[in-house]
>>> print(open('work.csv').read())   # CSV, C-alpha atoms and all ligand atoms
chain,number,residue,atom,x,y,z
A,1,MET,CA,119.5,96.5,122.5
A,2,PRO,CA,117.7,93.6,120.9
A,3,ASP,CA,120.0,90.7,120.1
A,4,GLN,CA,120.6,91.0,116.4
A,5,SER,CA,121.8,87.4,116.1
A,6,ILE,CA,118.3,86.1,116.9
A,7,PRO,CA,116.3,86.4,113.6
A,8,HIS,CA,113.0,88.0,113.9
A,9,PRO,CA,110.0,86.4,112.3
A,10,ILE,CA,108.9,87.5,108.8
A,11,PRO,CA,106.5,89.4,108.5
A,12,VAL,CA,107.9,91.4,111.4
A,13,PRO,CA,105.7,91.5,114.5
A,14,SER,CA,105.0,95.2,114.0
A,15,VAL,CA,103.4,94.4,110.6
A,16,GLU,CA,101.6,91.4,112.0
A,17,ALA,CA,100.1,93.7,114.7
A,18,ILE,CA,98.5,96.1,112.2
A,19,ASP,CA,94.8,96.2,113.0
A,20,PHE,CA,92.9,97.0,109.8
A,21,PRO,CA,89.6,95.6,108.6
A,22,ALA,CA,89.8,93.1,105.8
A,23,LEU,CA,88.1,94.0,102.6
A,24,PRO,CA,85.2,91.8,101.4
A,25,LEU,CA,86.0,89.1,98.8
A,26,MET,CA,84.1,90.0,95.6
A,27,PRO,CA,85.5,87.8,92.9
A,28,GLU,CA,85.3,89.1,89.3
A,29,ALA,CA,85.4,86.5,86.5
A,30,GLY,CA,86.4,88.1,83.3
A,31,ASP,CA,87.6,91.3,85.0
A,32,ARG,CA,84.1,92.8,85.4
A,33,PRO,CA,82.1,93.3,88.5
A,34,SER,CA,79.6,90.5,89.0
A,35,GLY,CA,76.1,91.7,88.0
A,36,ASP,CA,74.5,89.3,90.6
A,37,LEU,CA,75.6,91.2,93.6
A,38,ALA,CA,74.1,94.5,94.7
A,39,ARG,CA,77.3,96.3,95.9
A,40,LEU,CA,75.9,98.5,98.6
A,41,ASN,CA,78.9,98.0,100.9
A,42,LEU,CA,81.8,100.2,99.5
A,43,ASN,CA,80.2,103.6,98.9
A,44,GLU,CA,80.8,103.3,95.2
A,45,ALA,CA,78.7,105.3,92.7
A,46,PRO,CA,76.2,103.1,90.8
A,47,MET,CA,76.7,105.1,87.6
A,48,SER,CA,79.7,105.1,85.2
A,49,PRO,CA,82.1,108.1,85.1
A,50,SER,CA,81.4,111.1,82.9
A,51,PRO,CA,81.5,110.2,79.2
A,52,LEU,CA,84.1,112.9,78.8
A,53,ALA,CA,86.3,111.2,81.5
A,54,LEU,CA,86.0,107.9,79.7
A,55,ALA,CA,86.9,109.5,76.4
A,56,ALA,CA,90.0,111.2,77.9
A,57,ALA,CA,91.1,107.9,79.5
A,58,GLN,CA,90.7,106.1,76.2
A,59,VAL,CA,93.0,108.6,74.5
A,60,ALA,CA,95.5,108.4,77.3
A,61,LEU,CA,95.5,104.6,77.2
A,62,ALA,CA,97.1,104.6,73.8
A,63,ASP,CA,100.1,106.5,75.4
A,64,SER,CA,100.5,103.9,78.1
A,65,HIS,CA,104.0,102.9,77.0
A,66,ARG,CA,105.0,106.3,78.5
A,67,TYR,CA,105.1,106.9,82.3
A,68,PRO,CA,102.4,109.4,83.4
A,69,ASP,CA,103.2,113.0,84.3
A,70,HIS,CA,104.5,112.4,87.9
A,71,HIS,CA,103.8,116.1,88.8
A,72,ALA,CA,100.3,116.0,87.3
A,73,VAL,CA,100.8,119.5,86.1
A,74,ALA,CA,97.6,119.7,84.1
A,75,LEU,CA,95.3,118.2,86.8
A,76,ALA,CA,97.0,120.3,89.5
A,77,GLY,CA,96.4,123.4,87.5
A,78,THR,CA,92.8,122.6,86.9
A,79,ILE,CA,92.2,121.9,90.6
A,80,ALA,CA,94.2,125.0,91.6
A,81,ALA,CA,92.0,127.2,89.5
A,82,ARG,CA,88.9,126.1,91.2
A,83,THR,CA,90.1,125.8,94.8
A,84,SER,CA,92.5,128.8,94.9
A,85,ILE,CA,95.1,126.5,96.4
A,86,ALA,CA,98.2,126.9,94.3
A,87,ALA,CA,99.4,123.8,92.3
A,88,ASP,CA,102.6,123.7,94.4
A,89,ARG,CA,100.4,122.9,97.4
A,90,ILE,CA,98.5,120.0,95.8
A,91,VAL,CA,99.7,116.4,95.8
A,92,PHE,CA,98.1,113.3,94.2
A,93,GLY,CA,97.6,109.8,95.4
A,94,ASN,CA,96.4,106.4,94.2
A,95,GLY,CA,93.1,107.2,95.8
A,96,SER,CA,93.0,109.5,98.8
A,97,GLY,CA,93.6,106.5,100.9
A,98,GLU,CA,97.2,106.5,99.9
A,99,LEU,CA,97.5,110.1,101.0
A,100,LEU,CA,95.9,109.4,104.4
A,101,VAL,CA,98.6,106.8,105.1
A,102,GLN,CA,101.2,109.5,104.1
A,103,CYS,CA,99.6,112.0,106.4
A,104,ALA,CA,100.8,109.8,109.2
A,105,GLN,CA,104.2,109.3,107.7
A,106,VAL,CA,104.9,113.0,107.2
A,107,SER,CA,103.8,113.9,110.8
A,108,LEU,CA,104.6,111.1,113.2
A,109,ASP,CA,107.6,109.5,114.8
A,110,ARG,CA,107.6,106.3,116.9
A,111,GLY,CA,105.8,107.0,120.2
A,112,ASP,CA,103.9,110.1,119.0
A,113,GLU,CA,100.1,110.2,119.3
A,114,ALA,CA,97.3,110.7,116.7
A,115,VAL,CA,93.8,111.7,117.9
A,116,MET,CA,91.0,110.2,115.8
A,117,PRO,CA,87.3,109.8,116.0
A,118,ASP,CA,85.9,106.3,116.5
A,119,PRO,CA,84.5,104.7,114.4
A,120,THR,CA,85.9,106.4,111.3
A,121,PHE,CA,87.6,105.6,107.9
A,122,PRO,CA,90.5,103.4,109.0
A,123,THR,CA,93.2,104.2,106.5
A,124,CYS,CA,94.9,107.2,108.3
A,125,GLY,CA,94.9,105.0,111.4
A,126,LYS,CA,96.7,102.3,109.4
A,127,GLY,CA,99.4,104.8,108.6
A,128,VAL,CA,99.7,105.7,112.3
A,129,GLN,CA,100.3,102.1,113.2
A,130,MET,CA,102.9,101.8,110.4
A,131,THR,CA,104.9,104.7,112.0
A,132,GLY,CA,104.9,103.1,115.5
A,133,ALA,CA,102.8,106.0,116.8
A,134,HIS,CA,99.7,105.5,119.0
A,135,ILE,CA,96.1,106.0,118.0
A,136,VAL,CA,94.0,107.8,120.6
A,137,LYS,CA,90.4,107.0,119.8
A,138,VAL,CA,87.6,109.4,120.7
A,139,PRO,CA,84.0,108.1,120.4
A,140,LEU,CA,81.7,109.9,117.9
A,141,ARG,CA,78.7,111.9,119.1
A,142,PRO,CA,75.5,109.9,119.0
A,143,ASP,CA,74.5,111.8,115.9
A,144,GLY,CA,77.5,110.3,114.0
A,145,ALA,CA,79.6,113.5,113.8
A,146,ASN,CA,83.1,113.8,115.2
A,147,ASP,CA,83.1,115.0,118.8
A,148,VAL,CA,85.5,117.9,118.5
A,149,ALA,CA,85.4,119.0,122.1
A,150,ALA,CA,86.2,115.5,123.4
A,151,MET,CA,88.9,115.1,120.7
A,152,LEU,CA,90.6,118.4,121.7
A,153,SER,CA,90.6,117.2,125.4
A,154,ALA,CA,92.5,114.1,124.2
A,155,ILE,CA,95.4,116.1,123.0
A,156,THR,CA,98.7,115.6,124.9
A,157,PRO,CA,102.2,117.0,124.5
A,158,ARG,CA,102.9,113.9,122.2
A,159,THR,CA,100.0,114.6,119.8
A,160,ARG,CA,101.3,115.3,116.3
A,161,LEU,CA,98.3,114.4,114.2
A,162,PHE,CA,94.6,115.3,114.6
A,163,TYR,CA,92.3,113.6,112.1
A,164,LEU,CA,88.8,114.8,111.3
A,165,CYS,CA,86.5,113.1,108.9
A,166,THR,CA,83.5,115.2,107.6
A,167,PRO,CA,81.2,113.8,106.5
A,168,ASN,CA,82.4,111.0,108.7
A,169,ASN,CA,82.5,107.5,107.2
A,170,PRO,CA,80.8,105.2,108.3
A,171,THR,CA,78.2,107.5,109.9
A,172,GLY,CA,77.5,110.3,107.4
A,173,ASN,CA,77.2,113.4,109.6
A,174,ILE,CA,79.3,116.6,109.2
A,175,LEU,CA,80.9,119.0,111.5
A,176,GLY,CA,79.1,122.3,112.0
A,177,GLU,CA,81.0,125.6,111.5
A,178,ALA,CA,81.5,126.3,115.2
A,179,ASP,CA,83.2,122.9,115.7
A,180,LEU,CA,85.3,123.1,112.6
A,181,GLU,CA,86.4,126.6,113.5
A,182,ARG,CA,87.3,125.5,117.0
A,183,ALA,CA,89.4,122.6,115.8
A,184,ILE,CA,91.2,124.9,113.3
A,185,ARG,CA,91.9,127.4,116.1
A,186,GLU,CA,92.7,125.0,119.0
A,187,VAL,CA,94.6,122.1,117.4
A,188,PRO,CA,98.2,123.1,118.3
A,189,ALA,CA,100.5,124.4,115.6
A,190,THR,CA,102.7,121.4,116.5
A,191,CYS,CA,100.1,119.0,115.1
A,192,LEU,CA,99.1,118.2,111.6
A,193,LEU,CA,95.4,118.8,111.2
A,194,VAL,CA,94.0,116.4,108.6
A,195,ILE,CA,90.5,116.9,107.3
A,196,ASP,CA,89.2,114.0,105.2
A,197,GLU,CA,86.6,115.4,102.8
A,198,ALA,CA,86.0,112.3,100.7
A,199,TYR,CA,82.3,113.2,100.4
A,200,PHE,CA,83.0,117.0,100.0
A,201,GLU,CA,80.9,117.3,96.8
A,202,PHE,CA,77.8,115.8,98.7
A,203,ALA,CA,78.3,118.3,101.5
A,204,CYS,CA,78.7,121.7,99.8
A,205,GLY,CA,76.6,124.3,98.2
A,206,GLY,CA,74.1,124.4,101.2
A,207,ASP,CA,74.6,125.6,104.7
A,208,GLU,CA,77.6,123.4,105.2
A,209,PRO,CA,80.8,125.2,106.4
A,210,ASP,CA,83.5,125.9,103.9
A,211,THR,CA,86.6,124.2,105.2
A,212,LEU,CA,89.1,125.9,102.9
A,213,THR,CA,87.9,129.4,103.8
A,214,LEU,CA,88.0,128.6,107.5
A,215,LEU,CA,91.5,127.2,107.3
A,216,ARG,CA,92.9,130.5,106.1
A,217,SER,CA,93.1,131.5,109.8
A,218,ARG,CA,95.1,128.5,110.9
A,219,THR,CA,98.7,129.0,111.8
A,220,GLY,CA,99.7,125.3,112.1
A,221,PRO,CA,100.0,122.8,109.3
A,222,TRP,CA,96.9,121.3,107.7
A,223,VAL,CA,95.9,118.9,104.9
A,224,VAL,CA,92.5,118.5,103.3
A,225,THR,CA,92.1,115.2,101.3
A,226,ARG,CA,89.5,114.7,98.6
A,227,THR,CA,88.9,112.0,96.0
A,228,PHE,CA,87.5,111.2,92.6
A,229,SER,CA,86.1,107.8,93.9
A,230,LYS,CA,82.8,109.0,95.2
A,231,ALA,CA,81.0,112.0,93.6
A,232,TYR,CA,83.0,111.7,90.4
A,233,CYS,CA,82.1,108.0,90.1
A,234,MET,CA,85.7,106.9,89.6
A,235,ALA,CA,86.5,104.5,92.4
A,236,GLY,CA,88.1,102.0,90.0
A,237,LEU,CA,90.6,104.6,88.6
A,238,ARG,CA,92.2,105.5,91.9
A,239,VAL,CA,92.8,109.2,92.1
A,240,GLY,CA,92.8,111.4,95.2
A,241,TYR,CA,94.4,114.6,96.1
A,242,ALA,CA,95.6,116.5,99.2
A,243,LEU,CA,95.4,120.3,99.5
A,244,CYS,CA,98.3,121.3,101.8
A,245,SER,CA,98.8,124.4,104.0
A,246,ASP,CA,102.2,125.2,102.5
A,247,GLU,CA,104.7,124.1,99.9
A,248,GLY,CA,107.1,122.6,102.5
A,249,LEU,CA,104.4,120.2,103.6
A,250,LYS,CA,103.7,119.2,100.0
A,251,ARG,CA,107.5,118.6,99.5
A,252,GLY,CA,107.3,116.2,102.5
A,253,PHE,CA,104.5,114.2,100.7
A,254,SER,CA,106.5,114.3,97.5
A,255,ARG,CA,109.5,112.7,99.2
A,256,ILE,CA,107.6,109.6,100.4
A,257,ARG,CA,105.4,109.3,97.3
A,258,HIS,CA,106.1,106.4,95.0
A,259,ASN,CA,107.1,107.4,91.5
A,260,PHE,CA,104.3,107.6,89.0
A,261,ASN,CA,101.7,106.5,91.5
A,262,VAL,CA,98.7,107.8,89.5
A,263,SER,CA,98.3,106.1,86.1
A,264,ARG,CA,98.1,108.0,82.9
A,265,PRO,CA,94.5,107.1,82.0
A,266,SER,CA,93.5,108.0,85.6
A,267,LEU,CA,95.1,111.4,85.5
A,268,ALA,CA,93.4,112.2,82.1
A,269,ALA,CA,90.0,110.9,83.3
A,270,ALA,CA,90.3,112.9,86.6
A,271,ARG,CA,90.9,116.2,84.7
A,272,ALA,CA,88.1,115.6,82.3
A,273,ALA,CA,85.7,114.6,85.2
A,274,PHE,CA,86.7,117.7,87.2
A,275,GLU,CA,85.9,119.9,84.3
A,276,ASP,CA,82.6,118.2,83.6
A,277,ALA,CA,81.1,119.6,86.8
A,278,ALA,CA,77.6,119.3,85.4
A,279,TYR,CA,77.9,115.5,85.3
A,280,MET,CA,79.2,115.3,88.8
A,281,ARG,CA,76.4,117.6,90.1
A,282,ALA,CA,73.8,115.5,88.4
A,283,ALA,CA,75.2,112.3,89.8
A,284,VAL,CA,75.2,113.9,93.3
A,285,ALA,CA,71.7,115.2,92.9
A,286,GLU,CA,70.4,111.8,91.8
A,287,THR,CA,72.1,110.1,94.7
A,288,VAL,CA,70.8,112.5,97.2
A,289,ALA,CA,67.2,112.1,95.9
A,290,ARG,CA,67.5,108.3,96.1
A,291,ARG,CA,69.1,108.6,99.6
A,292,GLU,CA,66.1,110.6,100.9
A,293,GLN,CA,63.7,108.0,99.3
A,294,LEU,CA,65.5,105.2,101.0
A,295,ARG,CA,65.5,107.2,104.3
A,296,ALA,CA,61.7,107.5,104.1
A,297,GLY,CA,61.3,103.8,103.3
A,298,LEU,CA,63.6,102.7,106.2
A,299,GLU,CA,61.9,105.1,108.7
A,300,ARG,CA,58.6,103.6,107.7
A,301,LEU,CA,60.0,100.2,108.7
A,302,GLY,CA,60.9,101.6,112.1
A,303,PHE,CA,64.6,102.2,111.5
A,304,ALA,CA,66.5,105.1,113.1
A,305,VAL,CA,68.4,106.8,110.3
A,306,LEU,CA,71.4,109.0,111.1
A,307,PRO,CA,71.7,112.4,109.4
A,308,SER,CA,73.7,111.9,106.1
A,309,PHE,CA,75.6,114.3,104.0
A,310,ALA,CA,77.1,111.5,101.8
A,311,ASN,CA,76.2,108.7,99.4
A,312,PHE,CA,75.2,106.3,102.2
A,313,LEU,CA,72.8,105.9,105.1
A,314,THR,CA,73.7,104.5,108.5
A,315,VAL,CA,70.7,102.9,110.2
A,316,ARG,CA,69.8,101.2,113.4
A,317,PHE,CA,66.9,99.0,114.5
A,318,ASN,CA,65.9,96.9,117.4
A,319,GLY,CA,67.9,93.9,116.4
A,320,SER,CA,71.3,92.7,115.3
A,321,ALA,CA,72.7,94.6,112.3
A,322,ALA,CA,75.3,91.9,111.7
A,323,ALA,CA,72.6,89.2,111.5
A,324,LEU,CA,70.6,91.4,109.1
A,325,ALA,CA,73.7,92.0,106.9
A,326,GLN,CA,74.3,88.3,106.8
A,327,ALA,CA,70.7,87.6,105.7
A,328,LEU,CA,70.9,90.3,103.0
A,329,HIS,CA,74.1,88.8,101.8
A,330,GLY,CA,72.3,85.5,101.3
A,331,GLN,CA,70.0,87.4,98.9
A,332,GLY,CA,72.8,88.9,96.9
A,333,ILE,CA,72.9,92.3,98.6
A,334,ALA,CA,76.1,93.4,100.3
A,335,VAL,CA,75.9,96.1,103.0
A,336,GLN,CA,78.3,96.9,105.8
A,337,ALA,CA,77.5,96.0,109.4
A,338,LEU,CA,79.1,98.2,112.1
A,339,GLY,CA,79.8,97.4,115.7
A,340,TRP,CA,78.7,100.9,116.7
A,341,PRO,CA,77.2,102.3,118.9
A,342,ASP,CA,76.1,99.3,121.0
A,343,ALA,CA,75.7,95.5,120.8
A,344,ASN,CA,73.0,95.8,118.1
A,345,GLY,CA,75.4,97.7,115.9
A,346,SER,CA,74.2,99.5,112.8
A,347,LEU,CA,74.1,99.0,109.0
A,348,ARG,CA,75.8,101.3,106.5
A,349,ILE,CA,73.9,101.1,103.2
A,350,THR,CA,75.4,102.7,100.1
A,351,ILE,CA,72.9,104.5,97.8
A,352,GLY,CA,72.9,102.3,94.7
A,353,ALA,CA,70.9,102.4,91.5
A,354,ALA,CA,67.1,102.9,91.8
A,355,GLU,CA,66.3,99.2,91.5
A,356,GLU,CA,69.0,98.3,94.1
A,357,ASN,CA,67.4,100.8,96.4
A,358,GLU,CA,64.0,99.1,96.0
A,359,ARG,CA,65.6,95.6,96.3
A,360,VAL,CA,67.3,96.4,99.6
A,361,LEU,CA,64.2,97.9,101.0
A,362,ALA,CA,62.1,94.9,100.0
A,363,ALA,CA,64.6,92.4,101.3
A,364,ILE,CA,64.9,94.2,104.6
A,365,GLU,CA,61.1,94.3,104.9
A,366,ASN,CA,60.9,90.5,104.2
A,367,GLN,CA,63.6,89.8,106.7
A,368,LEU,CA,61.9,91.8,109.5
A,369,GLU,CA,58.6,89.9,108.8
A,370,ALA,CA,60.4,86.6,108.9
A,371,ALA,CA,62.2,87.4,112.2
B,1,LIG,C1,86.2,106.4,100.3
B,1,LIG,C2,86.9,107.2,101.3
B,1,LIG,C3,88.2,107.6,101.1
B,1,LIG,C4,89.1,107.3,100.1
B,1,LIG,O1,88.9,106.6,99.0
B,1,LIG,P1,89.9,106.5,97.8
B,1,LIG,O2,89.2,105.6,96.9
B,1,LIG,O3,91.2,105.9,98.3
B,1,LIG,O4,90.1,107.9,97.3
B,1,LIG,C5,88.8,108.4,102.1
B,1,LIG,N1,88.1,108.8,103.2
B,1,LIG,C6,86.8,108.4,103.4
B,1,LIG,C7,86.1,108.9,104.6
B,1,LIG,C8,86.2,107.6,102.5
B,1,LIG,O5,84.9,107.2,102.7
>>> encode(input="work.csv", output="C-alpha cells")
Amino acid sequence: MPDQSIPHPIPVPSVEAIDFPALPLMPEAGDRPSGDLARLNLNEAPMSPSPLALAAAQVALADSHRYPDHHAVALAGTIAARTSIAADRIVFGNGSGELLVQCAQVSLDRGDEAVMPDPTFPTCGKGVQMTGAHIVKVPLRPDGANDVAAMLSAITPRTRLFYLCTPNNPTGNILGEADLERAIREVPATCLLVIDEAYFEFACGGDEPDTLTLLRSRTGPWVVTRTFSKAYCMAGLRVGYALCSDEGLKRGFSRIRHNFNVSRPSLAAARAAFEDAAYMRAAVAETVARREQLRAGLERLGFAVLPSFANFLTVRFNGSAAALAQALHGQGIAVQALGWPDANGSLRITIGAAEENERVLAAIENQLEAA
C-alpha cells in the first residue's frame, strides 16, 4: 500500500510519464491561419469544406444558445443509410482522435496490453498509457504497411486491444485483403480490434479491400473509426465517428463520452458534407492527382517515395530528413520529419494546394543543390 500521508506530486507521475509528440506551434493572429506558412505538416485539406456544409453550419450557428443533439440522431441516420451500420452502433467524437482514446478506455484495464504498429498515429497509444496498460510496438513493413503477421505473433494472454491503421499515418500504405482478413479472423474474441480508417475516402472505390464487408465474419468486438477532418476538408470542425460491432460496445463509448462533445455547427456541417458526396469525391480526386504529380517530381530528384493511399507522401533520400525539414521551415514550409526507418529518417509531406506543391518541390531542389 502506498503511504497516503505522503502527498504525490501534481500532475501525478503517471500523467507526467505520458509519451506523446508535441504539436507544432502555429500562432494565429486574428483567429485565422497565417497565410505565410505552407502547412504541409498536418494532413489537412488545402480547400474549404463543401459550400453546403458551410451553409448548414451558418444556420446552426444561430441556434448556438442550445446544446447540440447529444445523440446526433440526424447525422447517425445519414451515416447508417450509407454504411448499413445501424445508428445504434455509431458513436461520435470531437474528431476521431477522441474516439481512439476511448477505444483504449473501453477495452483496457491496468496491466493489459495493446498491440500497435510502429510508427503509427499516436492517439490510440495515448489512451493506452492513460489506462495504465502497456503498448506493444511492432515495426511496420518496409513498404509502410502494418505488419499483420508480426503483430499477431505479439499477442499474449494479456492483449485486449489490437490497433490497425490503414492507410497508416505517417507512411500512407494500406493493408491488402489477405492481411485484413487474417487479422479479422485471428485477433482473439477477447480483444477489441480497432481499425483506424481516417483516410478511408482516399482508399476506396478501387482494388482496396472493403473493411466493413470483411468484418461481417468477425465474432469478437471491433471498431472502425473515420473522420470528417481529411477527405471532407473539415479538420477545424472536429467531427469523427466510430462504427461499432454491436450496441453494447456503443453503450460503453456512450458512458465515457463527455456530454455534448460535438458542437452544433459541426454536426450540421458534417451531415451536409456527408450528403455532398460529389464535393468530397472531387476534393479527393484533385488531391490524388496532385499527389501523383508531387511523387513524379520527388522521384525525379532521386527520392524514394512510399506507396500512398492518402493525402500525403512519405519520402526518403540519402540525407537527414530532420535537417531538410528544418531548412524548409526556414523558407516558410512546414513538413513532418520522422525518425523512421533509420538514422536518416523520412519526410511526410501533406498534399497542399497546387502552388504549395510547386513551392515545396522547388525548395527541396534548391536545398539539395546547396547541400
Ligand atoms: C488525422 C487522423 C486521425 C484523426 O483526426 P481527427 O481530426 O481527430 O478526426 C485519426 N487517425 C489517423 C491515422 C489520422 O491521420
>>> residues_around(input="work.csv", residues="range 108-112 of chain A", least_positions_apart="6", cutoff="7 Å", atoms="all atoms listed in the file", output="list in words")
Thr131, Gly132, Ala133, His134, Arg158, Thr159 and Arg160 of chain A
>>> residues_around(input="work.csv", residues="Asn168 in chain A", least_positions_apart="5", cutoff="8 Å", atoms="all atoms listed in the file", output="PyMOL selection string")
chain A and resi 120-121+144-146+173-174
>>> residues_near_ligand(input="work.csv", ligand="ligand LIG 1 (chain B)", cutoff="8 Å", atoms="only C-alpha atoms and all ligand atoms", output="ChimeraX atom specification")
/A:42-43,93-98,100,120-121,123,165-170,196-199,225-230,235-236,238-240
>>> atom_distance(input="work.csv", atom1="CA of Ser50 in chain A", atom2="CA of Cys124 in chain A")
29.0 Å
>>> closest_residue(input="work.csv", among="A:Ala322, A:Ile79, A:Val284, A:Ala371", to="Ala343 in chain A", atoms="all atoms listed in the file")
A:Ala322
>>> residues_around(input="work.csv", residues="Cys103 in chain A", least_positions_apart="3", cutoff="8 Å", atoms="only C-alpha atoms", output="ChimeraX atom specification")
/A:99-100,106-107,124,127,194,223,253
>>> closest_residue(input="work.csv", among="A:Ala87, A:Asp179, A:Ala334, A:Ala289", to="Leu75 in chain A", atoms="all atoms listed in the file")
A:Ala87
>>> residues_around(input="work.csv", residues="range 295-308 of chain A", least_positions_apart="5", cutoff="12 Å", atoms="all atoms listed in the file", output="short mmCIF file (atom, residue, chain, number, x, y, z; two decimals) with C-alpha atoms, keeping the file's coordinate frame")
data_model
loop_
_atom_site.label_atom_id
_atom_site.label_comp_id
_atom_site.auth_asym_id
_atom_site.auth_seq_id
_atom_site.Cartn_x
_atom_site.Cartn_y
_atom_site.Cartn_z
CA ARG A 141 78.70 111.90 119.10
CA PRO A 142 75.50 109.90 119.00
CA ASP A 143 74.50 111.80 115.90
CA GLY A 144 77.50 110.30 114.00
CA ALA A 145 79.60 113.50 113.80
CA THR A 166 83.50 115.20 107.60
CA PRO A 167 81.20 113.80 106.50
CA ASN A 168 82.40 111.00 108.70
CA ASN A 169 82.50 107.50 107.20
CA PRO A 170 80.80 105.20 108.30
CA THR A 171 78.20 107.50 109.90
CA GLY A 172 77.50 110.30 107.40
CA ASN A 173 77.20 113.40 109.60
CA ILE A 174 79.30 116.60 109.20
CA LEU A 175 80.90 119.00 111.50
CA TYR A 199 82.30 113.20 100.40
CA PHE A 202 77.80 115.80 98.70
CA ALA A 203 78.30 118.30 101.50
CA THR A 287 72.10 110.10 94.70
CA VAL A 288 70.80 112.50 97.20
CA ALA A 289 67.20 112.10 95.90
CA ARG A 290 67.50 108.30 96.10
CA LEU A 313 72.80 105.90 105.10
CA THR A 314 73.70 104.50 108.50
CA VAL A 315 70.70 102.90 110.20
CA ARG A 316 69.80 101.20 113.40
CA PHE A 317 66.90 99.00 114.50
CA ASN A 318 65.90 96.90 117.40
CA GLY A 319 67.90 93.90 116.40
CA ALA A 321 72.70 94.60 112.30
CA PRO A 341 77.20 102.30 118.90
CA GLY A 345 75.40 97.70 115.90
CA SER A 346 74.20 99.50 112.80
CA LEU A 347 74.10 99.00 109.00
CA ARG A 348 75.80 101.30 106.50
CA ILE A 349 73.90 101.10 103.20
CA THR A 350 75.40 102.70 100.10
CA ILE A 351 72.90 104.50 97.80
CA ASN A 357 67.40 100.80 96.40
CA GLU A 358 64.00 99.10 96.00
CA ARG A 359 65.60 95.60 96.30
CA VAL A 360 67.30 96.40 99.60
CA LEU A 361 64.20 97.90 101.00
CA ALA A 362 62.10 94.90 100.00
CA ALA A 363 64.60 92.40 101.30
CA ILE A 364 64.90 94.20 104.60
CA GLU A 365 61.10 94.30 104.90
CA ASN A 366 60.90 90.50 104.20
CA GLN A 367 63.60 89.80 106.70
CA LEU A 368 61.90 91.80 109.50
CA GLU A 369 58.60 89.90 108.80
#
>>> atom_distance(input="work.csv", atom1="CA of Ser5 in chain A", atom2="CA of Gln129 in chain A")
26.2 Å
>>> residues_around(input="work.csv", residues="Val115 in chain A", least_positions_apart="6", cutoff="12 Å", atoms="only C-alpha atoms", output="CSV table (one decimal) with C-alpha atoms, keeping the file's coordinate frame")
chain,number,residue,atom,x,y,z
A,104,ALA,CA,100.8,109.8,109.2
A,108,LEU,CA,104.6,111.1,113.2
A,124,CYS,CA,94.9,107.2,108.3
A,125,GLY,CA,94.9,105.0,111.4
A,128,VAL,CA,99.7,105.7,112.3
A,133,ALA,CA,102.8,106.0,116.8
A,134,HIS,CA,99.7,105.5,119.0
A,135,ILE,CA,96.1,106.0,118.0
A,136,VAL,CA,94.0,107.8,120.6
A,137,LYS,CA,90.4,107.0,119.8
A,138,VAL,CA,87.6,109.4,120.7
A,139,PRO,CA,84.0,108.1,120.4
A,146,ASN,CA,83.1,113.8,115.2
A,147,ASP,CA,83.1,115.0,118.8
A,148,VAL,CA,85.5,117.9,118.5
A,149,ALA,CA,85.4,119.0,122.1
A,150,ALA,CA,86.2,115.5,123.4
A,151,MET,CA,88.9,115.1,120.7
A,152,LEU,CA,90.6,118.4,121.7
A,153,SER,CA,90.6,117.2,125.4
A,154,ALA,CA,92.5,114.1,124.2
A,155,ILE,CA,95.4,116.1,123.0
A,156,THR,CA,98.7,115.6,124.9
A,157,PRO,CA,102.2,117.0,124.5
A,158,ARG,CA,102.9,113.9,122.2
A,159,THR,CA,100.0,114.6,119.8
A,160,ARG,CA,101.3,115.3,116.3
A,161,LEU,CA,98.3,114.4,114.2
A,162,PHE,CA,94.6,115.3,114.6
A,163,TYR,CA,92.3,113.6,112.1
A,164,LEU,CA,88.8,114.8,111.3
A,165,CYS,CA,86.5,113.1,108.9
A,183,ALA,CA,89.4,122.6,115.8
A,187,VAL,CA,94.6,122.1,117.4
A,191,CYS,CA,100.1,119.0,115.1
A,192,LEU,CA,99.1,118.2,111.6
A,193,LEU,CA,95.4,118.8,111.2
A,194,VAL,CA,94.0,116.4,108.6
>>> atom_distance(input="work.csv", atom1="CA of Ala353 in chain A", atom2="CA of Leu37 in chain A")
12.3 Å
>>> closest_residue(input="work.csv", among="A:Val91, A:Ala337, A:Leu212, A:Met234", to="Ala268 in chain A", atoms="all atoms listed in the file")
A:Met234
>>> closest_residue(input="work.csv", among="A:Ala62, A:Gly248, A:Asn41, A:Glu201", to="Ala282 in chain A", atoms="all atoms listed in the file")
A:Glu201
>>> closest_residue(input="work.csv", among="A:Ser245, A:Asn259, A:Gln293, A:Ser266", to="Ala189 in chain A", atoms="only C-alpha atoms")
A:Ser245
>>> closest_residue(input="work.csv", among="A:Glu247, A:Glu275, A:Asp36, A:Asp88", to="Val73 in chain A", atoms="all atoms listed in the file")
A:Asp88
>>> axis_aligned_box(input="work.csv", around="range 104-116 of chain A", padding_each_side="6 Å", output="lines of an AutoDock Vina configuration file")
center_x = 99.3
center_y = 110.1
center_z = 113.7
size_x = 28.6
size_y = 19.6
size_z = 25.0
>>> residues_near_point(input="work.csv", point="(94.4, 124.4, 91.3)", cutoff="12 Å", atoms="all atoms listed in the file", output="VMD selection string")
chain A and resid 72 to 91 241 to 244 271 274 to 275
